[in-house]
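Undergrad: Please find work_18.csv (CSV, C-alpha atoms and all ligand atoms) on the next line:
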```csv
chain,number,residue,atom,x,y,z
A,1,MET,CA,116.9,59.2,-92.3
A,2,LEU,CA,119.7,61.3,-90.7
A,3,SER,CA,122.6,59.6,-88.9
A,4,PRO,CA,125.0,61.1,-86.3
A,5,SER,CA,127.7,61.5,-89.0
A,6,ASP,CA,125.4,64.0,-90.8
A,7,PHE,CA,126.2,66.4,-87.9
A,8,ILE,CA,130.0,66.3,-88.5
A,9,PRO,CA,130.9,69.5,-90.3
A,10,LYS,CA,133.3,69.3,-93.3
A,11,ASN,CA,135.1,72.6,-93.2
A,12,TYR,CA,134.3,76.1,-92.1
A,13,PRO,CA,134.4,78.9,-94.6
A,14,LYS,CA,135.2,81.6,-92.0
A,15,THR,CA,137.3,82.2,-88.9
A,16,VAL,CA,136.4,84.1,-85.8
A,17,GLU,CA,138.8,85.4,-83.1
A,18,ASN,CA,136.6,86.2,-80.1
A,19,GLY,CA,133.2,87.2,-79.0
A,20,SER,CA,130.3,86.2,-76.9
A,21,PHE,CA,126.7,85.0,-77.1
A,22,GLN,CA,123.8,84.8,-74.6
A,23,TRP,CA,120.9,82.5,-74.8
A,24,SER,CA,118.1,81.4,-72.5
A,25,ALA,CA,116.7,77.9,-72.7
A,26,PRO,CA,113.7,76.5,-70.8
A,27,SER,CA,113.0,73.4,-68.9
A,28,ASN,CA,110.3,71.1,-70.2
A,29,ILE,CA,107.7,68.7,-68.7
A,30,ALA,CA,107.1,65.4,-70.4
A,31,LEU,CA,103.5,64.3,-71.0
A,32,VAL,CA,104.5,60.9,-72.4
A,33,LYS,CA,107.6,60.0,-70.5
A,34,TYR,CA,111.1,59.1,-71.6
A,35,TRP,CA,112.3,56.4,-69.3
A,36,GLY,CA,114.9,54.0,-70.4
A,37,LYS,CA,117.8,54.5,-72.8
A,38,LYS,CA,120.3,52.8,-75.1
A,39,GLU,CA,123.9,53.7,-75.8
A,40,ASN,CA,124.7,57.2,-76.8
A,41,GLN,CA,121.6,58.8,-75.3
A,42,ILE,CA,119.2,57.0,-77.6
A,43,PRO,CA,115.8,56.8,-76.0
A,44,ALA,CA,114.1,53.4,-75.5
A,45,ASN,CA,110.8,55.0,-76.4
A,46,PRO,CA,109.5,58.2,-77.9
A,47,SER,CA,108.3,61.0,-75.7
A,48,ILE,CA,106.5,64.4,-76.0
A,49,SER,CA,106.7,67.4,-73.7
A,50,PHE,CA,105.4,70.9,-73.1
A,51,THR,CA,108.1,73.5,-73.3
A,52,LEU,CA,108.1,75.8,-70.2
A,53,LYS,CA,108.5,79.5,-70.2
A,54,ASN,CA,109.7,80.8,-66.9
A,55,CYS,CA,111.8,78.0,-65.6
A,56,LYS,CA,115.0,78.5,-67.6
A,57,THR,CA,118.7,78.7,-67.7
A,58,ILE,CA,120.5,81.8,-69.0
A,59,THR,CA,124.0,81.1,-70.3
A,60,ASN,CA,126.6,83.5,-71.6
A,61,LEU,CA,129.4,82.0,-73.7
A,62,SER,CA,132.5,84.0,-74.3
A,63,PHE,CA,135.2,82.7,-76.5
A,64,SER,CA,138.7,83.7,-77.7
A,65,LYS,CA,141.0,81.9,-80.1
A,66,ILE,CA,144.0,80.1,-78.7
A,67,GLU,CA,146.7,77.8,-80.1
A,68,LYS,CA,145.0,74.4,-80.5
A,69,THR,CA,145.6,72.3,-77.3
A,70,ASP,CA,145.1,68.7,-76.3
A,71,ASN,CA,142.6,69.7,-73.6
A,72,PHE,CA,139.5,71.7,-73.5
A,73,SER,CA,140.1,75.2,-72.1
A,74,PHE,CA,137.2,76.7,-70.2
A,75,ASP,CA,136.2,78.6,-67.0
A,76,LEU,CA,132.8,78.0,-65.4
A,77,LEU,CA,130.8,80.6,-63.5
A,78,PHE,CA,127.4,80.0,-61.8
A,79,GLU,CA,125.6,83.3,-61.1
A,80,GLY,CA,128.9,85.2,-61.5
A,81,LYS,CA,130.9,83.0,-59.2
A,82,SER,CA,133.4,80.2,-60.1
A,83,LYS,CA,131.7,76.8,-59.9
A,84,GLU,CA,134.3,74.0,-60.2
A,85,SER,CA,131.7,71.3,-59.2
A,86,PHE,CA,130.1,71.7,-62.7
A,87,ARG,CA,133.4,70.9,-64.4
A,88,PRO,CA,133.2,67.1,-64.8
A,89,LYS,CA,129.7,67.4,-66.3
A,90,ILE,CA,130.8,70.0,-68.8
A,91,GLN,CA,134.0,68.2,-69.6
A,92,LYS,CA,132.1,65.0,-70.4
A,93,PHE,CA,129.7,67.0,-72.6
A,94,LEU,CA,132.6,68.6,-74.5
A,95,GLU,CA,134.2,65.1,-75.0
A,96,ARG,CA,130.9,63.7,-76.4
A,97,VAL,CA,130.3,66.6,-78.8
A,98,GLU,CA,133.8,67.3,-79.9
A,99,VAL,CA,133.5,65.3,-83.1
A,100,TYR,CA,130.5,67.4,-84.1
A,101,LEU,CA,132.1,70.7,-83.1
A,102,PRO,CA,135.7,70.3,-84.2
A,103,PHE,CA,136.7,73.8,-83.2
A,104,LEU,CA,136.2,73.3,-79.5
A,105,LYS,CA,140.0,72.9,-78.7
A,106,GLU,CA,140.8,76.1,-80.7
A,107,TYR,CA,139.2,78.4,-78.2
A,108,HIS,CA,139.2,79.3,-74.5
A,109,PHE,CA,135.6,79.5,-73.3
A,110,THR,CA,134.0,81.2,-70.3
A,111,ILE,CA,130.6,79.7,-69.6
A,112,ASP,CA,128.6,81.9,-67.3
A,113,THR,CA,125.2,80.5,-66.3
A,114,GLN,CA,122.2,81.2,-64.1
A,115,ASN,CA,118.8,79.7,-63.5
A,116,THR,CA,115.6,81.6,-63.0
A,117,PHE,CA,114.3,78.9,-60.5
A,118,PRO,CA,115.6,78.5,-57.0
A,119,HIS,CA,118.7,76.3,-56.4
A,120,SER,CA,118.0,72.8,-55.3
A,121,SER,CA,114.2,73.2,-56.0
A,122,GLY,CA,114.2,69.7,-57.2
A,123,ILE,CA,113.6,71.0,-60.7
A,124,ALA,CA,115.9,69.4,-63.2
A,125,SER,CA,118.3,72.1,-64.4
A,126,SER,CA,120.1,69.7,-66.7
A,127,ALA,CA,117.6,70.0,-69.5
A,128,SER,CA,117.6,73.8,-69.6
A,129,GLY,CA,121.3,74.0,-68.9
A,130,MET,CA,122.4,71.6,-71.6
A,131,ALA,CA,120.0,73.2,-74.1
A,132,ALA,CA,121.3,76.7,-73.3
A,133,LEU,CA,124.9,75.5,-73.8
A,134,ALA,CA,124.1,73.7,-77.1
A,135,VAL,CA,122.5,76.8,-78.7
A,136,ASN,CA,125.5,79.0,-77.7
A,137,PHE,CA,127.9,76.6,-79.4
A,138,MET,CA,125.7,76.5,-82.4
A,139,SER,CA,125.8,80.3,-82.5
A,140,LEU,CA,129.6,80.0,-82.7
A,141,GLU,CA,129.4,77.4,-85.4
A,142,LYS,CA,127.0,79.7,-87.4
A,143,GLU,CA,129.7,82.4,-87.2
A,144,LEU,CA,132.1,80.0,-88.8
A,145,ASN,CA,129.5,78.9,-91.4
A,146,PRO,CA,127.1,81.8,-92.0
A,147,GLU,CA,125.3,79.9,-94.7
A,148,MET,CA,123.8,77.6,-92.0
A,149,THR,CA,119.9,77.4,-92.2
A,150,GLU,CA,117.7,78.0,-89.2
A,151,GLY,CA,116.4,74.4,-89.6
A,152,TYR,CA,119.8,72.9,-89.3
A,153,PHE,CA,120.8,75.2,-86.4
A,154,ASN,CA,117.8,74.0,-84.4
A,155,GLN,CA,118.2,70.4,-85.3
A,156,LYS,CA,121.8,70.2,-84.5
A,157,ALA,CA,121.3,72.2,-81.3
A,158,SER,CA,118.8,69.6,-80.2
A,159,PHE,CA,121.1,66.8,-81.3
A,160,LEU,CA,124.0,68.3,-79.2
A,161,ALA,CA,121.7,69.0,-76.2
A,162,ARG,CA,120.6,65.3,-76.2
A,163,LEU,CA,124.2,64.2,-75.8
A,164,GLY,CA,124.3,66.4,-72.6
A,165,SER,CA,121.1,65.2,-71.1
A,166,GLY,CA,118.4,63.3,-73.1
A,167,SER,CA,115.4,65.4,-72.4
A,168,ALA,CA,117.3,68.6,-73.1
A,169,CYS,CA,116.8,67.9,-76.8
A,170,ARG,CA,113.1,68.8,-76.2
A,171,SER,CA,114.1,72.3,-74.9
A,172,ILE,CA,115.3,74.0,-78.1
A,173,LYS,CA,112.3,75.0,-80.3
A,174,GLY,CA,108.5,74.7,-80.2
A,175,GLU,CA,105.7,74.8,-77.7
A,176,VAL,CA,105.4,71.0,-77.9
A,177,VAL,CA,108.2,68.7,-78.9
A,178,ILE,CA,108.4,65.1,-79.8
A,179,TRP,CA,111.6,63.1,-79.5
A,180,GLY,CA,112.3,59.5,-80.5
A,181,ASN,CA,111.4,57.4,-83.6
A,182,HIS,CA,107.7,56.9,-83.8
A,183,ASN,CA,106.2,55.4,-86.9
A,184,GLN,CA,103.1,57.6,-86.8
A,185,THR,CA,105.2,60.8,-86.7
A,186,GLU,CA,106.8,62.0,-89.8
A,187,ASN,CA,110.5,63.1,-89.4
A,188,SER,CA,110.6,61.9,-85.8
A,189,SER,CA,114.1,60.9,-84.7
A,190,ASP,CA,116.0,59.3,-81.9
A,191,LEU,CA,118.7,61.9,-82.5
A,192,PHE,CA,116.8,65.2,-81.9
A,193,GLY,CA,113.5,66.6,-81.0
A,194,ILE,CA,111.0,68.0,-83.5
A,195,GLU,CA,108.3,70.6,-83.1
A,196,PHE,CA,104.7,69.4,-82.9
A,197,SER,CA,102.8,72.3,-84.6
A,198,GLU,CA,99.2,71.3,-84.6
A,199,LEU,CA,98.3,72.4,-81.1
A,200,HIS,CA,94.6,73.1,-80.7
A,201,HIS,CA,93.8,76.5,-79.2
A,202,ASN,CA,92.4,74.8,-76.0
A,203,PHE,CA,96.0,74.1,-75.1
A,204,LYS,CA,97.5,77.5,-76.0
A,205,ASN,CA,99.2,79.1,-72.9
A,206,TYR,CA,98.4,75.9,-71.0
A,207,GLN,CA,99.4,76.5,-67.3
A,208,ASP,CA,101.9,74.5,-65.2
A,209,THR,CA,102.1,75.3,-61.6
A,210,ILE,CA,105.0,73.4,-60.0
A,211,LEU,CA,104.4,72.5,-56.4
A,212,LEU,CA,107.7,72.0,-54.6
A,213,VAL,CA,107.0,69.1,-52.3
A,214,ASP,CA,110.6,68.1,-51.8
A,215,LYS,CA,113.4,70.4,-52.7
A,216,GLY,CA,116.2,68.0,-51.7
A,217,GLU,CA,118.7,66.2,-53.9
A,218,LYS,CA,117.2,63.7,-56.3
A,219,GLN,CA,116.9,60.3,-54.6
A,220,VAL,CA,117.5,58.5,-57.9
A,221,SER,CA,119.7,60.2,-60.5
A,222,SER,CA,118.3,60.0,-64.0
A,223,THR,CA,121.2,57.9,-65.2
A,224,LEU,CA,120.5,55.3,-62.5
A,225,GLY,CA,116.8,55.6,-63.2
A,226,HIS,CA,117.1,54.9,-67.0
A,227,ASP,CA,119.4,51.9,-66.1
A,228,LEU,CA,116.6,50.4,-64.0
A,229,MET,CA,114.7,49.8,-67.3
A,230,ASN,CA,117.4,47.4,-68.5
A,231,GLY,CA,116.1,44.0,-67.7
A,232,HIS,CA,113.0,45.4,-66.0
A,233,PRO,CA,110.2,42.8,-66.2
A,234,PHE,CA,107.7,45.2,-67.7
A,235,ALA,CA,110.0,47.2,-69.9
A,236,GLU,CA,108.9,45.9,-73.3
A,237,ARG,CA,105.2,46.5,-72.5
A,238,ARG,CA,105.9,49.9,-71.2
A,239,PHE,CA,107.8,50.9,-74.4
A,240,GLU,CA,104.9,49.7,-76.6
A,241,GLN,CA,102.5,51.6,-74.4
A,242,ALA,CA,104.6,54.8,-74.9
A,243,HIS,CA,104.3,54.5,-78.7
A,244,LYS,CA,100.5,54.1,-78.4
A,245,ASN,CA,100.1,56.9,-75.9
A,246,LEU,CA,102.1,59.2,-78.2
A,247,SER,CA,99.8,58.5,-81.1
A,248,GLN,CA,96.8,59.1,-78.8
A,249,ILE,CA,98.1,62.3,-77.3
A,250,LYS,CA,98.9,63.8,-80.7
A,251,THR,CA,95.2,63.3,-81.6
A,252,ILE,CA,94.1,64.8,-78.3
A,253,LEU,CA,96.4,67.9,-78.7
A,254,THR,CA,95.1,68.4,-82.3
A,255,ASN,CA,91.4,68.0,-81.4
A,256,GLY,CA,91.6,70.0,-78.1
A,257,ASP,CA,90.0,67.2,-76.0
A,258,VAL,CA,91.1,68.4,-72.6
A,259,ASN,CA,89.3,65.6,-70.7
A,260,GLU,CA,91.1,62.8,-72.6
A,261,PHE,CA,94.3,64.8,-72.0
A,262,VAL,CA,93.8,64.6,-68.2
A,263,LYS,CA,93.4,60.8,-68.3
A,264,LEU,CA,96.4,60.1,-70.5
A,265,VAL,CA,98.8,62.5,-68.7
A,266,GLU,CA,98.0,61.2,-65.2
A,267,SER,CA,98.3,57.6,-66.4
A,268,GLU,CA,101.7,58.4,-67.8
A,269,ALA,CA,102.9,60.0,-64.6
A,270,LEU,CA,101.8,57.1,-62.5
A,271,THR,CA,103.2,54.6,-64.9
A,272,LEU,CA,106.6,56.3,-64.6
A,273,HIS,CA,106.5,55.9,-60.9
A,274,ALA,CA,105.1,52.3,-61.2
A,275,MET,CA,108.2,51.5,-63.2
A,276,MET,CA,110.4,52.7,-60.4
A,277,MET,CA,108.4,50.9,-57.8
A,278,THR,CA,108.7,47.6,-59.7
A,279,SER,CA,112.4,47.7,-60.6
A,280,MET,CA,115.3,46.1,-58.8
A,281,PRO,CA,116.4,48.0,-56.7
A,282,TYR,CA,113.0,49.6,-56.2
A,283,PHE,CA,112.1,53.2,-55.2
A,284,ILE,CA,109.1,55.2,-54.1
A,285,LEU,CA,109.8,58.7,-55.2
A,286,MET,CA,106.5,60.2,-54.1
A,287,LYS,CA,106.1,61.6,-50.6
A,288,PRO,CA,103.0,61.6,-48.5
A,289,ASN,CA,102.4,65.2,-49.6
A,290,THR,CA,102.5,64.1,-53.2
A,291,LEU,CA,99.6,61.8,-52.6
A,292,GLU,CA,97.7,64.4,-50.6
A,293,ILE,CA,98.0,66.8,-53.5
A,294,ILE,CA,96.9,64.1,-56.1
A,295,ASN,CA,93.9,63.2,-54.0
A,296,LYS,CA,92.9,66.8,-53.6
A,297,ILE,CA,93.2,67.5,-57.3
A,298,TRP,CA,90.9,64.5,-58.0
A,299,LYS,CA,88.4,65.7,-55.6
A,300,PHE,CA,88.5,69.3,-56.9
A,301,ARG,CA,88.1,68.0,-60.5
A,302,GLU,CA,85.1,65.9,-59.5
A,303,GLN,CA,83.4,68.7,-57.7
A,304,THR,CA,84.0,71.5,-60.3
A,305,SER,CA,84.4,69.6,-63.6
A,306,ILE,CA,87.5,71.9,-64.2
A,307,PRO,CA,89.9,69.8,-66.2
A,308,VAL,CA,92.9,70.2,-64.0
A,309,CYS,CA,95.4,67.3,-63.8
A,310,PHE,CA,98.9,66.5,-62.5
A,311,THR,CA,102.0,65.1,-63.9
A,312,LEU,CA,105.3,64.1,-62.1
A,313,ASP,CA,108.9,63.8,-63.1
A,314,ALA,CA,111.3,61.4,-61.3
A,315,GLY,CA,110.7,63.0,-57.9
A,316,ALA,CA,108.1,64.1,-55.4
A,317,ASN,CA,107.2,67.5,-56.9
A,318,VAL,CA,103.8,67.9,-58.6
A,319,HIS,CA,103.2,69.7,-61.9
A,320,VAL,CA,99.6,70.9,-61.9
A,321,LEU,CA,98.4,71.3,-65.5
A,322,TYR,CA,95.3,73.3,-66.6
A,323,PRO,CA,93.9,75.5,-69.3
A,324,ALA,CA,94.6,79.2,-69.3
A,325,ASN,CA,90.9,80.1,-69.1
A,326,VAL,CA,90.5,78.6,-65.6
A,327,ARG,CA,93.6,80.1,-64.2
A,328,GLU,CA,92.0,82.2,-61.5
A,329,GLU,CA,89.9,79.4,-60.1
A,330,VAL,CA,92.7,76.9,-60.1
A,331,LEU,CA,95.3,79.3,-58.6
A,332,GLN,CA,92.8,80.0,-55.8
A,333,PHE,CA,92.4,76.2,-55.2
A,334,ILE,CA,96.1,75.8,-55.2
A,335,LYS,CA,96.6,78.6,-52.6
A,336,ASN,CA,93.7,77.4,-50.4
A,337,GLU,CA,94.4,73.7,-50.5
A,338,LEU,CA,97.6,72.6,-52.0
A,339,VAL,CA,100.3,75.0,-50.9
A,340,VAL,CA,100.2,73.6,-47.3
A,341,HIS,CA,101.7,70.4,-48.7
A,342,CYS,CA,104.7,72.2,-50.3
A,343,GLN,CA,108.0,72.7,-48.6
A,344,ASN,CA,108.0,76.2,-47.2
A,345,GLU,CA,104.8,76.7,-49.1
A,346,GLN,CA,106.8,77.2,-52.3
A,347,TYR,CA,105.5,76.8,-55.8
A,348,ILE,CA,106.3,78.2,-59.3
A,349,CYS,CA,103.8,79.5,-61.8
A,350,ASP,CA,104.7,78.6,-65.3
A,351,GLU,CA,103.1,77.9,-68.7
A,352,ILE,CA,103.9,76.7,-72.2
A,353,GLY,CA,106.8,78.6,-73.8
A,354,VAL,CA,108.4,78.7,-77.2
A,355,GLY,CA,112.0,77.4,-76.6
A,356,ALA,CA,115.4,78.9,-76.5
A,357,ILE,CA,115.8,82.7,-77.0
A,358,GLU,CA,118.9,84.6,-78.0
A,359,PHE,CA,119.5,87.8,-76.1
A,360,THR,CA,122.5,89.5,-77.7
A,361,LYS,CA,124.6,89.2,-80.8
A,362,PHE,CA,128.3,90.1,-80.8
B,1,LIG,O1,116.9,63.8,-69.5
B,1,LIG,P1,117.0,62.9,-68.3
B,1,LIG,O2,118.0,61.8,-68.5
B,1,LIG,O3,117.2,63.7,-67.1
B,1,LIG,O4,115.6,62.1,-68.1
B,1,LIG,C1,114.4,62.7,-67.9
B,1,LIG,C2,113.4,61.7,-67.4
B,1,LIG,C3,112.0,62.2,-67.0
B,1,LIG,O5,112.1,63.6,-66.6
B,1,LIG,C4,111.6,61.4,-65.8
B,1,LIG,C5,111.0,62.0,-68.1
B,1,LIG,C6,111.1,62.9,-69.3
B,1,LIG,O6,110.7,62.5,-70.4
B,1,LIG,O7,111.5,64.1,-69.2
```
Translate this file's structure into structure tokens.
Ligand code: PMV

TA:
Amino acid sequence: MLSPSDFIPKNYPKTVENGSFQWSAPSNIALVKYWGKKENQIPANPSISFTLKNCKTITNLSFSKIEKTDNFSFDLLFEGKSKESFRPKIQKFLERVEVYLPFLKEYHFTIDTQNTFPHSSGIASSASGMAALAVNFMSLEKELNPEMTEGYFNQKASFLARLGSGSACRSIKGEVVIWGNHNQTENSSDLFGIEFSELHHNFKNYQDTILLVDKGEKQVSSTLGHDLMNGHPFAERRFEQAHKNLSQIKTILTNGDVNEFVKLVESEALTLHAMMMTSMPYFILMKPNTLEIINKIWKFREQTSIPVCFTLDAGANVHVLYPANVREEVLQFIKNELVVHCQNEQYICDEIGVGAIEFTKF
């Protein structure tokens, strides 16, 4: 089994003066949820997610060699403009990953980033943002060590992204990604995500329409949320359930059983929210419109037998999941019945994607 020290490089055969890279990395939506963590961003239970395609962060990393300093030297731009409010988060990330990327203090970096989804849409940008940054730094490490394999590149990129934001490790490579030790998943690890490659064609191009119910700031930050699982009265049972649900959903995703998928995914979403409602302090992150939407999805499913379902992250927005072959009917239903429950009638059409993509080489 790999340990964090396996990601500490020994020495680099090459030197590089300056250059730039550009990568996009997507967001992801968990089917079995990660909720609860230990020290160093180690998950309390394994999780699995669909990688998204359209909701992504595009990050350009420029670098030029400097005299090694005691501090990190970097400028931050968000959509072309200076963004000092991101500095503490990036600083913390650099501190956490420095031991694994020992060249960081030998360069000045300009990190220029933009998201494809609207600001403050309530969609977590930390997963796509941290993943995009991690792959850029790995591109630089690959210049310093051209022998690096693609497998190592992706594994270490996921490892680094995890140190930025846990679920970001599921945004590097693969349509479906598993993260966290799971005794029924070979090569699974708490340190990085691995690709699940047995996806049945029923799930190919699976659709995710994200209904923006509440675009405001998150009511509970994910750091605080994960902390709520420490000493939570139901924590141990929940972690056990996540292991079982992961085994079960792997079978479902392999066999193509869309009806079983619906049950498991909705149960996971409601369990995540139940954990928040039963913690101390307690939170209700759904809004009345979240419940309106859920009830309408259930009614539509009952009437049409179309296997459309919902999942939620730690907020009020609803991800509507459905097979690609019923896209037209479901989009019509969404427009006719669900959009009225969204803030400013806003929603985002997305589907399963492949992971991070490099745009340019220097
Ligand atoms: O990666 P974080 O620390 O923002 O946590 C994400 C938690 C959930 O989105 C609620 C679940 C998940 O597995 O993505």

Undergrad: Write out as an NGL selection string each polymer residue (protein, DNA or RNA) that has an atom no more than 10 Å from ligand LIG 1 (chain B), with all atoms listed in the file counted.

TA: :A and (27-37 or 41 or 43 or 45-50 or 123-127 or 130 or 161-170 or 179 or 221-226 or 268-269 or 272-273 or 312-315)

Undergrad: One number please: atom CA of Ser247 of chain A to atom CA of Ala25 of chain A, in Å, one decimal.

TA: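 So the answer is 27.1 Å.
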
Undergrad: Could you check which of A:Val330, A:Leu144, A:Leu212, A:Ile111 is closest to Pro307 of chain A, using only C-alpha atoms?

TA: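 That would be A:Val330, the residue with the smallest distance to Pro307 of chain A.
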
Undergrad: Between A:Ser73, A:Asn145, A:Thr110, A:Gln346, which is the closest to Tyr12 of chain A once you count only C-alpha atoms?

TA: A:Asn145

Undergrad: What does the distance between atom CA of Ala356 of chain A and atom CA of Glu328 of chain A come to in Å, to one decimal place?

TA: 28.0 Å

Undergrad: Figure out the distance between atom CA of Tyr107 of chain A and atom CA of Ile66 of chain A, please, to one decimal in Å.

TA: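 Between atom CA of Ile66 of chain A and atom CA of Tyr107 of chain A the gap works out to 5.1 Å.
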
Undergrad: Rank A:Arg87, A:Lys10, A:Lys53, A:His201 by their smallest atom-to-atom distance to Pro323 of chain A, using only C-alpha atoms, and report the top residue only.

TA: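 Result for the nearest residue to Pro323 of chain A: A:His201.
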
Undergrad: May I have the residues at most 9 Å from (96.2, 59.5, -62.5) in the file's coordinates, counting only C-alpha atoms, as a ChimeraX atom specification?

TA: /A:262-271,294,298,309-311

Undergrad: Pick from A:Gln207, A:Pro102, A:Thr278, A:Lys156: nearest to Ala235 of chain A, with all atoms listed in the file counted?

TA: A:Thr278

Undergrad: Taking only C-alpha atoms into account, which of A:Gly19, A:Gly193, A:Pro13, A:Gly231 comes nearest Val176 of chain A?

TA: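 Of A:Gly19, A:Gly193, A:Pro13, A:Gly231, the one nearest Val176 of chain A is A:Gly193, counting only C-alpha atoms.
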
Undergrad: Would you list the contacts of Ser5 of chain A as a list of chain:residue names, taking every protein, DNA or RNA residue within 12 Å and counting all atoms listed in the file, but skipping same-chain residues closer than 5 positions in sequence?

TA: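 Contacts, with the query itself left out: A:Lys10, A:Val97, A:Val99, A:Tyr100, A:Leu101, A:Lys156, A:Phe159, A:Leu191.
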
Undergrad: Excluding Phe283 of chain A and residues on its chain fewer than 4 positions from it, collect all residues at most 9 Å away from it, counting all atoms listed in the file, and give them as a VMD selection string.

TA: chain A and resid 219 to 220 273 276 to 279

Undergrad: Determine, counting all atoms listed in the file, which protein, DNA and RNA residues have an atom within 10 Å of an atom of Gly80 of chain A; residues of the same chain fewer than 2 positions away are not included. Present the result as an mmCIF file with C-alpha atoms, keeping the file's coordinate frame.

TA:
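Dumped to around-v5.cif:
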```cif
data_model
loop_
_atom_site.group_PDB
_atom_site.id
_atom_site.type_symbol
_atom_site.label_atom_id
_atom_site.label_comp_id
_atom_site.auth_asym_id
_atom_site.auth_seq_id
_atom_site.Cartn_x
_atom_site.Cartn_y
_atom_site.Cartn_z
ATOM 1 C CA LEU A 76 132.800 78.000 -65.400
ATOM 2 C CA LEU A 77 130.800 80.600 -63.500
ATOM 3 C CA PHE A 78 127.400 80.000 -61.800
ATOM 4 C CA SER A 82 133.400 80.200 -60.100
ATOM 5 C CA LYS A 83 131.700 76.800 -59.900
ATOM 6 C CA ILE A 111 130.600 79.700 -69.600
ATOM 7 C CA ASP A 112 128.600 81.900 -67.300
ATOM 8 C CA THR A 113 125.200 80.500 -66.300
ATOM 9 C CA GLN A 114 122.200 81.200 -64.100
#
```

Undergrad: So, counting all atoms listed in the file, which residue among A:Ile284, A:Ile210, A:His341, A:Ala132 is closest to Asn317 of chain A?

TA: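 Checking each candidate against Asn317 of chain A, we get A:Ile210 as the closest.
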
Undergrad: Return segment 180-191 of chain A, completed with N, CA and C atoms, as an mmCIF file, in the frame of the given file.

TA:
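Full text of rebuild_18.cif as output:
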```cif
data_model
loop_
_atom_site.group_PDB
_atom_site.id
_atom_site.type_symbol
_atom_site.label_atom_id
_atom_site.label_comp_id
_atom_site.auth_asym_id
_atom_site.auth_seq_id
_atom_site.Cartn_x
_atom_site.Cartn_y
_atom_site.Cartn_z
ATOM 1 N N GLY A 180 112.182 60.993 -80.459
ATOM 2 C CA GLY A 180 112.300 59.500 -80.500
ATOM 3 C C GLY A 180 111.497 59.009 -81.744
ATOM 4 N N ASN A 181 112.059 57.977 -82.377
ATOM 5 C CA ASN A 181 111.400 57.400 -83.600
ATOM 6 C C ASN A 181 110.014 56.899 -83.203
ATOM 7 N N HIS A 182 109.070 57.303 -84.068
ATOM 8 C CA HIS A 182 107.700 56.900 -83.800
ATOM 9 C C HIS A 182 107.064 56.774 -85.222
ATOM 10 N N ASN A 183 106.581 55.558 -85.534
ATOM 11 C CA ASN A 183 106.200 55.400 -86.900
ATOM 12 C C ASN A 183 104.968 56.148 -87.363
ATOM 13 N N GLN A 184 104.281 56.765 -86.426
ATOM 14 C CA GLN A 184 103.100 57.600 -86.800
ATOM 15 C C GLN A 184 103.481 59.095 -86.779
ATOM 16 N N THR A 185 104.766 59.421 -86.663
ATOM 17 C CA THR A 185 105.200 60.800 -86.700
ATOM 18 C C THR A 185 106.260 61.045 -87.704
ATOM 19 N N GLU A 186 105.874 61.752 -88.748
ATOM 20 C CA GLU A 186 106.800 62.000 -89.800
ATOM 21 C C GLU A 186 108.025 62.790 -89.314
ATOM 22 N N ASN A 187 109.189 62.452 -89.796
ATOM 23 C CA ASN A 187 110.500 63.100 -89.400
ATOM 24 C C ASN A 187 110.872 62.939 -87.979
ATOM 25 N N SER A 188 110.179 62.081 -87.233
ATOM 26 C CA SER A 188 110.600 61.900 -85.800
ATOM 27 C C SER A 188 111.943 61.159 -85.828
ATOM 28 N N SER A 189 112.720 61.418 -84.785
ATOM 29 C CA SER A 189 114.100 60.900 -84.700
ATOM 30 C C SER A 189 114.510 60.601 -83.306
ATOM 31 N N ASP A 190 115.332 59.568 -83.168
ATOM 32 C CA ASP A 190 116.000 59.300 -81.900
ATOM 33 C C ASP A 190 117.063 60.321 -81.582
ATOM 34 N N LEU A 191 117.492 61.038 -82.623
ATOM 35 C CA LEU A 191 118.700 61.900 -82.500
ATOM 36 C C LEU A 191 118.382 63.307 -82.028
#
```
